[in-house]
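File shown: entry.pdb (PDB, C-alpha atoms).
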```pdb
MODEL        1
ATOM      1  CA  MET P   1     -12.059 -19.242  -1.105
ATOM      2  CA  LYS P   2     -11.073 -15.638  -0.640
ATOM      3  CA  PHE P   3     -13.540 -12.781  -1.067
ATOM      4  CA  ALA P   4     -12.804  -9.083  -1.525
ATOM      5  CA  THR P   5     -14.723  -5.864  -1.743
ATOM      6  CA  PHE P   6     -13.382  -3.731  -4.581
ATOM      7  CA  THR P   7     -14.164  -0.721  -6.733
ATOM      8  CA  HIS P   8     -13.916  -0.821 -10.510
ATOM      9  CA  ALA P   9     -15.216   1.750 -12.983
ATOM     10  CA  ARG P  10     -16.756   3.689 -10.078
ATOM     11  CA  ARG P  11     -18.737   0.640  -8.985
ATOM     12  CA  ARG P  12     -18.230  -1.181  -5.714
ATOM     13  CA  ALA P  13     -18.641  -4.961  -5.840
ATOM     14  CA  VAL P  14     -17.772  -8.209  -4.064
ATOM     15  CA  GLY P  15     -15.657 -10.808  -5.829
ATOM     16  CA  VAL P  16     -13.818 -14.116  -5.558
ATOM     17  CA  VAL P  17     -10.062 -13.556  -5.436
ATOM     18  CA  ASP P  18      -7.193 -15.703  -6.694
ATOM     19  CA  PRO P  19      -4.128 -13.894  -5.293
ATOM     20  CA  GLN P  20      -1.654 -16.145  -7.116
ATOM     21  CA  LYS P  21      -3.215 -15.386 -10.491
ATOM     22  CA  GLY P  22      -3.870 -11.768  -9.544
ATOM     23  CA  LEU P  23      -7.523 -12.024 -10.569
ATOM     24  CA  VAL P  24     -10.926 -11.240  -9.099
ATOM     25  CA  TRP P  25     -14.288 -12.457 -10.411
ATOM     26  CA  PRO P  26     -17.282 -10.206  -9.585
ATOM     27  CA  LEU P  27     -19.864 -12.325  -7.764
ATOM     28  CA  ASP P  28     -22.724 -10.663  -9.620
ATOM     29  CA  ASP P  29     -21.343 -12.192 -12.825
ATOM     30  CA  VAL P  30     -20.460 -15.567 -11.270
ATOM     31  CA  LEU P  31     -23.913 -16.053  -9.764
ATOM     32  CA  GLY P  32     -25.965 -14.209 -12.350
ATOM     33  CA  GLU P  33     -27.672 -12.279  -9.555
ATOM     34  CA  PRO P  34     -26.729  -9.280  -7.436
ATOM     35  CA  VAL P  35     -24.732  -9.524  -4.228
ATOM     36  CA  ALA P  36     -25.220  -6.255  -2.415
ATOM     37  CA  ASP P  37     -22.073  -6.322  -0.297
ATOM     38  CA  MET P  38     -19.910  -8.577   1.870
ATOM     39  CA  LEU P  39     -22.527  -8.717   4.623
ATOM     40  CA  ASP P  40     -25.077  -9.904   2.083
ATOM     41  CA  LEU P  41     -22.647 -12.639   1.007
ATOM     42  CA  VAL P  42     -21.987 -13.749   4.601
ATOM     43  CA  ARG P  43     -25.692 -13.964   5.385
ATOM     44  CA  ARG P  44     -26.523 -15.932   2.222
ATOM     45  CA  TYR P  45     -23.341 -17.972   1.918
ATOM     46  CA  ASP P  46     -24.686 -21.399   2.856
ATOM     47  CA  GLU P  47     -27.444 -21.203   0.260
ATOM     48  CA  ILE P  48     -25.276 -19.967  -2.600
ATOM     49  CA  LYS P  49     -21.762 -21.327  -1.944
ATOM     50  CA  ALA P  50     -22.234 -24.397  -4.174
ATOM     51  CA  ARG P  51     -22.825 -22.039  -7.099
ATOM     52  CA  ILE P  52     -19.713 -19.920  -6.509
ATOM     53  CA  ARG P  53     -17.325 -21.200  -9.161
ATOM     54  CA  PRO P  54     -14.989 -18.559 -10.635
ATOM     55  CA  ASN P  55     -15.658 -18.488 -14.352
ATOM     56  CA  GLY P  56     -16.141 -16.072 -17.182
ATOM     57  CA  HIS P  57     -14.549 -12.657 -17.338
ATOM     58  CA  ALA P  58     -12.150 -11.831 -14.514
ATOM     59  CA  LEU P  59     -10.613  -8.506 -13.587
ATOM     60  CA  ALA P  60      -6.938  -8.043 -12.840
ATOM     61  CA  LEU P  61      -6.347  -7.108  -9.217
ATOM     62  CA  ALA P  62      -3.998  -4.446 -10.529
ATOM     63  CA  ASP P  63      -6.958  -2.796 -12.273
ATOM     64  CA  VAL P  64      -9.251  -2.555  -9.243
ATOM     65  CA  VAL P  65      -9.110  -0.659  -5.953
ATOM     66  CA  LEU P  66      -9.400  -3.009  -2.993
ATOM     67  CA  ASP P  67     -11.585  -1.675  -0.212
ATOM     68  CA  ALA P  68     -11.814  -3.057   3.306
ATOM     69  CA  PRO P  69     -13.624  -6.405   3.021
ATOM     70  CA  ILE P  70     -16.441  -4.968   5.140
ATOM     71  CA  PRO P  71     -16.021  -1.252   4.405
ATOM     72  CA  ARG P  72     -18.372  -0.187   7.175
ATOM     73  CA  PRO P  73     -19.305  -2.899   9.677
ATOM     74  CA  PHE P  74     -22.914  -2.556  10.790
ATOM     75  CA  ARG P  75     -21.733  -2.153  14.381
ATOM     76  CA  ASN P  76     -18.511  -1.737  16.357
ATOM     77  CA  ILE P  77     -15.574  -4.056  15.818
ATOM     78  CA  LEU P  78     -15.170  -6.303  18.881
ATOM     79  CA  CYS P  79     -11.559  -6.276  20.076
ATOM     80  CA  VAL P  80      -9.499  -8.171  22.616
ATOM     81  CA  GLY P  81      -6.679  -6.584  24.588
ATOM     82  CA  LYS P  82      -3.548  -8.181  26.019
ATOM     83  CA  ASN P  83      -4.117 -11.592  24.455
ATOM     84  CA  TYR P  84      -0.480 -12.668  23.953
ATOM     85  CA  HIS P  85       1.701 -13.299  27.026
ATOM     86  CA  GLU P  86       4.719 -11.234  25.937
ATOM     87  CA  HIS P  87       2.551  -8.329  24.810
ATOM     88  CA  ALA P  88       0.655  -8.363  28.117
ATOM     89  CA  GLN P  89       3.985  -7.978  29.900
ATOM     90  CA  GLU P  90       5.298  -5.222  27.621
ATOM     91  CA  PHE P  91       2.058  -3.277  27.885
ATOM     92  CA  ALA P  92       1.900  -3.597  31.678
ATOM     93  CA  ALA P  93       5.425  -2.186  31.842
ATOM     94  CA  SER P  94       4.572   0.758  29.564
ATOM     95  CA  GLY P  95       2.686   2.824  32.144
ATOM     96  CA  PHE P  96      -0.380   3.020  29.894
ATOM     97  CA  ASP P  97      -2.136  -0.108  31.147
ATOM     98  CA  SER P  98      -5.152   0.837  33.261
ATOM     99  CA  SER P  99      -6.202  -2.832  33.425
ATOM    100  CA  ALA P 100      -3.275  -3.894  35.623
ATOM    101  CA  THR P 101      -1.940  -2.488  38.878
ATOM    102  CA  SER P 102       1.370  -4.357  38.761
ATOM    103  CA  LYS P 103       3.415  -6.771  36.663
ATOM    104  CA  ALA P 104       1.973  -9.562  38.778
ATOM    105  CA  ASP P 105      -1.480  -9.104  37.236
ATOM    106  CA  ALA P 106      -0.268  -8.183  33.740
ATOM    107  CA  VAL P 107      -1.711 -11.356  32.217
ATOM    108  CA  PRO P 108      -5.504 -11.078  32.381
ATOM    109  CA  ALA P 109      -7.593 -13.751  34.074
ATOM    110  CA  ALA P 110     -10.410 -13.252  31.572
ATOM    111  CA  PRO P 111     -10.546 -11.701  28.089
ATOM    112  CA  ILE P 112     -10.407  -7.906  28.018
ATOM    113  CA  VAL P 113     -12.988  -6.853  25.436
ATOM    114  CA  PHE P 114     -13.424  -3.361  24.008
ATOM    115  CA  THR P 115     -14.675  -1.960  20.704
ATOM    116  CA  LYS P 116     -13.652   0.275  17.813
ATOM    117  CA  ALA P 117     -16.095   2.493  15.933
ATOM    118  CA  PRO P 118     -17.064   1.330  12.398
ATOM    119  CA  GLU P 119     -15.914   4.675  11.003
ATOM    120  CA  SER P 120     -12.317   3.744  11.864
ATOM    121  CA  VAL P 121     -12.193   1.089   9.095
ATOM    122  CA  ILE P 122     -10.072   1.611   5.975
ATOM    123  CA  GLY P 123      -8.700  -0.744   3.327
ATOM    124  CA  ILE P 124      -5.304  -1.730   1.996
ATOM    125  CA  ASP P 125      -3.072   1.117   0.764
ATOM    126  CA  GLN P 126      -5.318   3.752   2.367
ATOM    127  CA  PRO P 127      -3.463   6.120   4.697
ATOM    128  CA  ILE P 128      -3.542   5.978   8.472
ATOM    129  CA  LEU P 129      -4.058   9.651   9.292
ATOM    130  CA  HIS P 130      -1.624  11.092  11.826
ATOM    131  CA  ARG P 131      -2.896  14.307  13.403
ATOM    132  CA  ALA P 132       0.000  15.448  15.529
ATOM    133  CA  GLU P 133      -2.049  18.204  17.132
ATOM    134  CA  VAL P 134      -4.461  15.550  18.465
ATOM    135  CA  SER P 135      -2.089  12.647  19.235
ATOM    136  CA  ASP P 136       1.664  12.217  18.979
ATOM    137  CA  ALA P 137       1.616   8.600  20.213
ATOM    138  CA  VAL P 138       0.082   6.627  17.341
ATOM    139  CA  ASP P 139       0.876   2.904  17.550
ATOM    140  CA  TYR P 140       0.331  -0.186  15.364
ATOM    141  CA  GLU P 141      -1.079  -3.600  16.379
ATOM    142  CA  ALA P 142      -1.108  -6.542  13.953
ATOM    143  CA  GLU P 143      -4.042  -8.878  14.588
ATOM    144  CA  LEU P 144      -6.009 -11.802  13.198
ATOM    145  CA  GLY P 145      -9.608 -10.810  12.553
ATOM    146  CA  VAL P 146     -12.477 -13.297  12.876
ATOM    147  CA  ILE P 147     -15.635 -12.873  10.790
ATOM    148  CA  ILE P 148     -18.782 -14.369  12.303
ATOM    149  CA  GLY P 149     -20.964 -16.300   9.860
ATOM    150  CA  ILE P 150     -23.700 -17.767  12.030
ATOM    151  CA  GLY P 151     -24.866 -15.558  14.860
ATOM    152  CA  GLY P 152     -26.043 -16.560  18.263
ATOM    153  CA  ARG P 153     -26.076 -15.924  21.983
ATOM    154  CA  GLY P 154     -24.602 -18.228  24.588
ATOM    155  CA  ILE P 155     -22.421 -20.065  22.067
ATOM    156  CA  ALA P 156     -20.580 -22.948  23.700
ATOM    157  CA  ARG P 157     -16.838 -23.200  23.235
ATOM    158  CA  LYS P 158     -17.190 -26.613  21.538
ATOM    159  CA  ASP P 159     -19.518 -25.096  18.916
ATOM    160  CA  ALA P 160     -17.632 -21.852  18.365
ATOM    161  CA  TYR P 161     -15.805 -22.632  15.125
ATOM    162  CA  ALA P 162     -19.091 -23.556  13.459
ATOM    163  CA  HIS P 163     -20.044 -19.891  13.862
ATOM    164  CA  VAL P 164     -16.933 -18.567  12.083
ATOM    165  CA  TRP P 165     -17.238 -17.664   8.407
ATOM    166  CA  GLY P 166     -13.718 -16.490   7.747
ATOM    167  CA  TYR P 167     -10.594 -14.586   8.730
ATOM    168  CA  THR P 168      -8.935 -11.316   7.755
ATOM    169  CA  ILE P 169      -6.140  -9.008   8.947
ATOM    170  CA  VAL P 170      -6.768  -6.076  11.269
ATOM    171  CA  ASN P 171      -4.391  -3.319  12.343
ATOM    172  CA  ASP P 172      -5.681  -2.074  15.696
ATOM    173  CA  VAL P 173      -4.085   1.371  15.447
ATOM    174  CA  THR P 174      -4.073   3.136  18.810
ATOM    175  CA  ALA P 175      -3.478   6.627  20.150
ATOM    176  CA  ARG P 176      -1.576   5.613  23.279
ATOM    177  CA  ASP P 177      -1.784   9.038  24.918
ATOM    178  CA  TRP P 178      -5.576   8.985  24.642
ATOM    179  CA  GLN P 179      -5.654   5.395  25.884
ATOM    180  CA  GLY P 180      -3.714   6.417  28.979
ATOM    181  CA  ARG P 181      -5.406   9.764  29.575
ATOM    182  CA  HIS P 182      -8.981   8.510  29.449
ATOM    183  CA  LYS P 183      -8.378   5.232  31.369
ATOM    184  CA  GLN P 184     -10.397   3.318  28.766
ATOM    185  CA  TRP P 185      -9.624   2.226  25.238
ATOM    186  CA  PHE P 186     -12.550   3.188  22.990
ATOM    187  CA  LEU P 187     -11.564   6.751  22.070
ATOM    188  CA  GLY P 188      -7.875   6.044  21.509
ATOM    189  CA  LYS P 189      -8.752   3.078  19.301
ATOM    190  CA  SER P 190     -11.525   4.688  17.254
ATOM    191  CA  PHE P 191      -9.981   7.645  15.444
ATOM    192  CA  ASP P 192     -10.941   7.798  11.784
ATOM    193  CA  THR P 193      -8.600   5.460   9.775
ATOM    194  CA  PHE P 194      -7.460   3.586  12.915
ATOM    195  CA  CYS P 195      -8.726   0.184  11.752
ATOM    196  CA  PRO P 196      -7.050  -0.914   8.513
ATOM    197  CA  MET P 197      -8.597  -4.223   7.434
ATOM    198  CA  GLY P 198      -8.016  -6.594   4.550
ATOM    199  CA  PRO P 199      -6.930  -7.192   1.932
ATOM    200  CA  TRP P 200      -9.751  -9.778   1.774
ATOM    201  CA  ILE P 201     -11.444 -12.496   3.817
ATOM    202  CA  ALA P 202     -10.295 -16.121   3.657
ATOM    203  CA  THR P 203     -13.120 -18.524   4.408
ATOM    204  CA  ALA P 204     -12.786 -20.707   7.489
ATOM    205  CA  ASP P 205     -11.910 -23.824   5.495
ATOM    206  CA  GLU P 206      -8.810 -22.117   4.058
ATOM    207  CA  VAL P 207      -6.748 -21.646   7.229
ATOM    208  CA  ASP P 208      -5.896 -23.208  10.572
ATOM    209  CA  PRO P 209      -6.543 -20.293  12.950
ATOM    210  CA  GLU P 210      -4.703 -22.007  15.803
ATOM    211  CA  ASN P 211      -1.365 -22.071  13.960
ATOM    212  CA  LEU P 212      -0.917 -18.937  11.881
ATOM    213  CA  SER P 213       2.238 -16.867  11.608
ATOM    214  CA  ILE P 214       1.564 -13.165  12.173
ATOM    215  CA  LYS P 215       4.190 -10.556  11.351
ATOM    216  CA  CYS P 216       4.373  -6.772  11.177
ATOM    217  CA  TRP P 217       6.989  -4.525   9.597
ATOM    218  CA  VAL P 218       7.357  -0.768   9.939
ATOM    219  CA  ASN P 219       9.425   0.656   7.097
ATOM    220  CA  ASP P 220      10.682  -2.870   6.314
ATOM    221  CA  GLU P 221      11.878  -3.398   9.904
ATOM    222  CA  LEU P 222      10.321  -6.502  11.433
ATOM    223  CA  ARG P 223       8.663  -5.433  14.685
ATOM    224  CA  GLN P 224       6.183  -8.232  15.466
ATOM    225  CA  ASP P 225       6.727 -11.942  14.822
ATOM    226  CA  ALA P 226       4.463 -14.466  16.532
ATOM    227  CA  ASN P 227       1.972 -17.259  16.003
ATOM    228  CA  THR P 228      -1.687 -17.517  16.930
ATOM    229  CA  ARG P 229      -0.930 -20.645  18.946
ATOM    230  CA  ASP P 230       0.494 -18.186  21.512
ATOM    231  CA  LEU P 231      -2.898 -16.590  22.184
ATOM    232  CA  ILE P 232      -3.789 -16.497  25.881
ATOM    233  CA  PHE P 233      -7.490 -16.905  25.087
ATOM    234  CA  ASP P 234      -8.149 -18.838  21.888
ATOM    235  CA  ILE P 235     -10.911 -18.087  19.407
ATOM    236  CA  PRO P 236     -13.492 -20.514  20.898
ATOM    237  CA  THR P 237     -12.957 -18.918  24.321
ATOM    238  CA  LEU P 238     -13.418 -15.439  22.869
ATOM    239  CA  ILE P 239     -16.618 -16.391  21.069
ATOM    240  CA  GLU P 240     -18.004 -18.160  24.144
ATOM    241  CA  THR P 241     -17.145 -15.197  26.389
ATOM    242  CA  ILE P 242     -18.479 -12.460  24.116
ATOM    243  CA  SER P 243     -21.663 -14.304  23.139
ATOM    244  CA  ALA P 244     -22.487 -15.002  26.785
ATOM    245  CA  ALA P 245     -23.131 -11.269  27.124
ATOM    246  CA  VAL P 246     -23.740  -9.988  23.596
ATOM    247  CA  THR P 247     -25.653 -11.640  20.764
ATOM    248  CA  LEU P 248     -23.336 -12.136  17.791
ATOM    249  CA  TYR P 249     -24.576 -11.515  14.249
ATOM    250  CA  PRO P 250     -23.357 -12.548  10.787
ATOM    251  CA  GLY P 251     -20.651 -10.132   9.708
ATOM    252  CA  ASP P 252     -19.462  -9.236  13.195
ATOM    253  CA  VAL P 253     -15.693  -8.743  13.336
ATOM    254  CA  ILE P 254     -13.594  -9.879  16.299
ATOM    255  CA  ALA P 255      -9.978  -8.663  16.456
ATOM    256  CA  THR P 256      -8.174 -11.278  18.524
ATOM    257  CA  GLY P 257      -5.299  -9.263  20.004
ATOM    258  CA  THR P 258      -1.755  -8.317  19.081
ATOM    259  CA  PRO P 259       1.615  -9.926  19.913
ATOM    260  CA  ALA P 260       4.662  -8.257  21.417
ATOM    261  CA  GLY P 261       6.615  -5.694  19.434
ATOM    262  CA  VAL P 262       4.277  -2.709  19.371
ATOM    263  CA  GLY P 263       5.743   0.783  19.527
ATOM    264  CA  ILE P 264       4.917   1.300  23.199
ATOM    265  CA  GLY P 265       7.035  -1.729  24.055
ATOM    266  CA  PHE P 266      10.317  -0.044  23.064
ATOM    267  CA  THR P 267      12.407   2.279  25.250
ATOM    268  CA  PRO P 268      11.852   4.988  24.229
ATOM    269  CA  PRO P 269       8.557   4.186  22.468
ATOM    270  CA  ARG P 270       8.702   3.984  18.684
ATOM    271  CA  TYR P 271       5.465   5.495  17.490
ATOM    272  CA  LEU P 272       4.300   5.946  13.916
ATOM    273  CA  ALA P 273       4.974   9.151  12.009
ATOM    274  CA  PRO P 274       3.921  10.559   8.632
ATOM    275  CA  GLY P 275       5.889   8.819   5.886
ATOM    276  CA  ASP P 276       5.992   5.468   7.692
ATOM    277  CA  ARG P 277       4.649   2.305   6.077
ATOM    278  CA  VAL P 278       3.083  -0.543   8.041
ATOM    279  CA  ARG P 279       2.966  -4.034   6.504
ATOM    280  CA  ILE P 280       1.217  -6.960   8.172
ATOM    281  CA  GLU P 281       1.260 -10.559   6.966
ATOM    282  CA  VAL P 282      -0.897 -13.348   8.325
ATOM    283  CA  GLU P 283      -0.190 -16.817   7.009
ATOM    284  CA  GLY P 284      -2.869 -18.192   4.723
ATOM    285  CA  ILE P 285      -4.607 -14.844   4.374
ATOM    286  CA  GLY P 286      -2.369 -12.244   2.760
ATOM    287  CA  THR P 287      -0.682  -8.896   3.304
ATOM    288  CA  LEU P 288      -2.149  -5.614   4.536
ATOM    289  CA  VAL P 289      -0.117  -2.488   3.782
ATOM    290  CA  ASN P 290      -0.927   1.060   4.865
ATOM    291  CA  PRO P 291       1.093   4.280   4.698
ATOM    292  CA  VAL P 292       0.976   6.838   7.472
ATOM    293  CA  ALA P 293       0.120  10.374   6.368
ATOM    294  CA  ALA P 294      -0.330  13.721   8.063
ATOM    295  CA  GLY P 295      -4.014  14.273   8.611
TER
ENDMDL
END
```
Re-express the file's structure as structure tokens.
Amino acid sequence: MKFATFTHARRRAVGVVDPQKGLVWPLDDVLGEPVADMLDLVRRYDEIKARIRPNGHALALADVVLDAPIPRPFRNILCVGKNYHEHAQEFAASGFDSSATSKADAVPAAPIVFTKAPESVIGIDQPILHRAEVSDAVDYEAELGVIIGIGGRGIARKDAYAHVWGYTIVNDVTARDWQGRHKQWFLGKSFDTFCPMGPWIATADEVDPENLSIKCWVNDELRQDANTRDLIFDIPTLIETISAAVTLYPGDVIATGTPAGVGIGFTPPRYLAPGDRVRIEVEGIGTLVNPVAAG
């Protein structure tokens, strides 16, 4: 199933989505009891999933405003840098990579994990704000997002997928000049609006995360075209690595890294500008579109 957070008649709700039919069923109506938000659904999913059968009155997707599936994560989004071979090489060659001293160590020996602030999250069709007076090097990064369903610490690789509830799309927007200037990635990744997410979450049984096409267009020009089978560190490795240090909780979001084709990889770099439109498609999940606007 696919689940979305949406606003209709000034009310925010969580619903079951059928993208082909263009319909969403509010879970409050389907279950006959309130579902507070997506985090509430994730935490209670095992006990209520047998009762989630779309029925009764549905709303047209065209008549609702889709929000980010988790509009404000309860803590930072966990992100992975340089997790596709070609992107690791293009980033190492950009001059902005503080994690590598030469092309020889461009590909990391262990996952590079950083975070983005929850306030950076926006939904589909919401603008990525471009504040030229703050940064003139705003870049896009198409990524598969993992939603944790069952938390834990010290999760073994062989058990990792049992802890995944679903998958979404994340655009890890980055201010490259800030990333380079501060020699760390948090600030340049965490500007307000720098984490478009959505349009919904596909539950783990809907997709094969190890073989998903991931593509990104800027103004209808295809910039990124890869497959998750090209990940350097796969999802079980990421979950095992992160949970060895940090307890994972239901609703945590892990952005798994971006493939080659980001703006910094071009000569000269091709950064985003007001008026641009970024479209990301991940097979089996959907399409995330965001305009870029002067902020």
### Task
Would you mind reading off the distance between atom CA of P:Tyr161 and atom CA of P:Asp28, one decimal, in Å?
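Between atom CA of P:Tyr161 and atom CA of P:Asp28 the gap is 28.3 Å.
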### Query
Separation of atom CA of P:Ile280 and atom CA of P:Leu222, in Å?
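Pair atom CA of P:Ile280 / atom CA of P:Leu222 returns 9.7 Å.
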### Interatomic distance, atom CA of P:Lys2 to atom CA of P:Val207 (Å, one decimal)
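Computed distance, atom CA of P:Lys2 to atom CA of P:Val207, equals 10.8 Å.
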### Message
So that I can see what lies close to P:Val164, please list as a list in words the residues with an atom at most 9 Å from it, counting all atoms listed in the file and leaving out residues fewer than 5 positions away in the same chain.
### Response
Val146, Ile147, Ile148, Gly149, Ile150, Gly151, Thr203, Ala204 and Pro250 of chain P
### Task
With a distance cut-off of 9 Å and only C-alpha atoms, select the neighbouring residues of P:Thr193, excluding the residue or stretch itself and same-chain residues fewer than 3 positions from it, and output the selection as a PyMOL selection string.
chain P and resi 119-123+126-129+173+190+196
Residue subset to file, keeping C-alpha atoms, as an mmCIF file, in the coordinates of the input:
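This is the output file selection-v4.cif:
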```cif
data_model
loop_
_atom_site.group_PDB
_atom_site.id
_atom_site.type_symbol
_atom_site.label_atom_id
_atom_site.label_comp_id
_atom_site.auth_asym_id
_atom_site.auth_seq_id
_atom_site.Cartn_x
_atom_site.Cartn_y
_atom_site.Cartn_z
ATOM 1 C CA GLU P 119 -15.914 4.675 11.003
ATOM 2 C CA SER P 120 -12.317 3.744 11.864
ATOM 3 C CA VAL P 121 -12.193 1.089 9.095
ATOM 4 C CA ILE P 122 -10.072 1.611 5.975
ATOM 5 C CA GLY P 123 -8.700 -0.744 3.327
ATOM 6 C CA GLN P 126 -5.318 3.752 2.367
ATOM 7 C CA PRO P 127 -3.463 6.120 4.697
ATOM 8 C CA ILE P 128 -3.542 5.978 8.472
ATOM 9 C CA LEU P 129 -4.058 9.651 9.292
ATOM 10 C CA VAL P 173 -4.085 1.371 15.447
ATOM 11 C CA SER P 190 -11.525 4.688 17.254
ATOM 12 C CA PRO P 196 -7.050 -0.914 8.513
#
```
### Message
When you look at P:Gly152 with a cut-off of 8 Å (counting all atoms listed in the file), what residues show up, excluding the ones that are within fewer than 6 positions of it in the same chain? I need them as an MDAnalysis selection string.
### Response
chainID P and resid 243 247:249
### Task
Take the PyMOL selection byres ((chain P and resi 7) around 10), apply it to the structure above, and return the hits as a list in words.
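On the file shown, the PyMOL selection byres ((chain P and resi 7) around 10) covers Ala4, Thr5, Phe6, His8, Ala9, Arg10, Arg11, Arg12, Ala13, Val14, Asp63, Val64, Val65, Leu66 and Asp67 of chain P.
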### Task
Might you spell out which residues the PyMOL selection byres ((chain P and resi 197) around 9) would select in the displayed file, as an NGL selection string?
:P and (67-71 or 121-124 or 145 or 168-171 or 195-196 or 198-200 or 288)
### Task
Apply the PyMOL selection byres ((chain P and resi 283) around 7) to the file shown and report the selected residues as a list in words.
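Given this file, the PyMOL selection byres ((chain P and resi 283) around 7) evaluates to Leu212, Ser213, Ile214, Glu281, Val282, Gly284, Ile285 and Gly286 of chain P.
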### Query
Which neighbours of P:Ala110 fall inside 12 Å, counting only C-alpha atoms, when residues of the same chain fewer than 4 positions from it are skipped, and could you give them as a PyMOL selection string?
chain P and resi 80-83+99+105-106+232-234+237-238+240-242
Selection export as a PDB file, in the frame of the given file, atoms kept: C-alpha atoms:
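Everything below was put into again.pdb:
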```
ATOM      1  CA  VAL P  80      -9.499  -8.171  22.616  1.00  0.00           C
ATOM      2  CA  GLY P  81      -6.679  -6.584  24.588  1.00  0.00           C
ATOM      3  CA  LYS P  82      -3.548  -8.181  26.019  1.00  0.00           C
ATOM      4  CA  ASN P  83      -4.117 -11.592  24.455  1.00  0.00           C
ATOM      5  CA  SER P  99      -6.202  -2.832  33.425  1.00  0.00           C
ATOM      6  CA  ASP P 105      -1.480  -9.104  37.236  1.00  0.00           C
ATOM      7  CA  ALA P 106      -0.268  -8.183  33.740  1.00  0.00           C
ATOM      8  CA  ILE P 232      -3.789 -16.497  25.881  1.00  0.00           C
ATOM      9  CA  PHE P 233      -7.490 -16.905  25.087  1.00  0.00           C
ATOM     10  CA  ASP P 234      -8.149 -18.838  21.888  1.00  0.00           C
ATOM     11  CA  THR P 237     -12.957 -18.918  24.321  1.00  0.00           C
ATOM     12  CA  LEU P 238     -13.418 -15.439  22.869  1.00  0.00           C
ATOM     13  CA  GLU P 240     -18.004 -18.160  24.144  1.00  0.00           C
ATOM     14  CA  THR P 241     -17.145 -15.197  26.389  1.00  0.00           C
ATOM     15  CA  ILE P 242     -18.479 -12.460  24.116  1.00  0.00           C
TER      16      ILE P 242
END
```
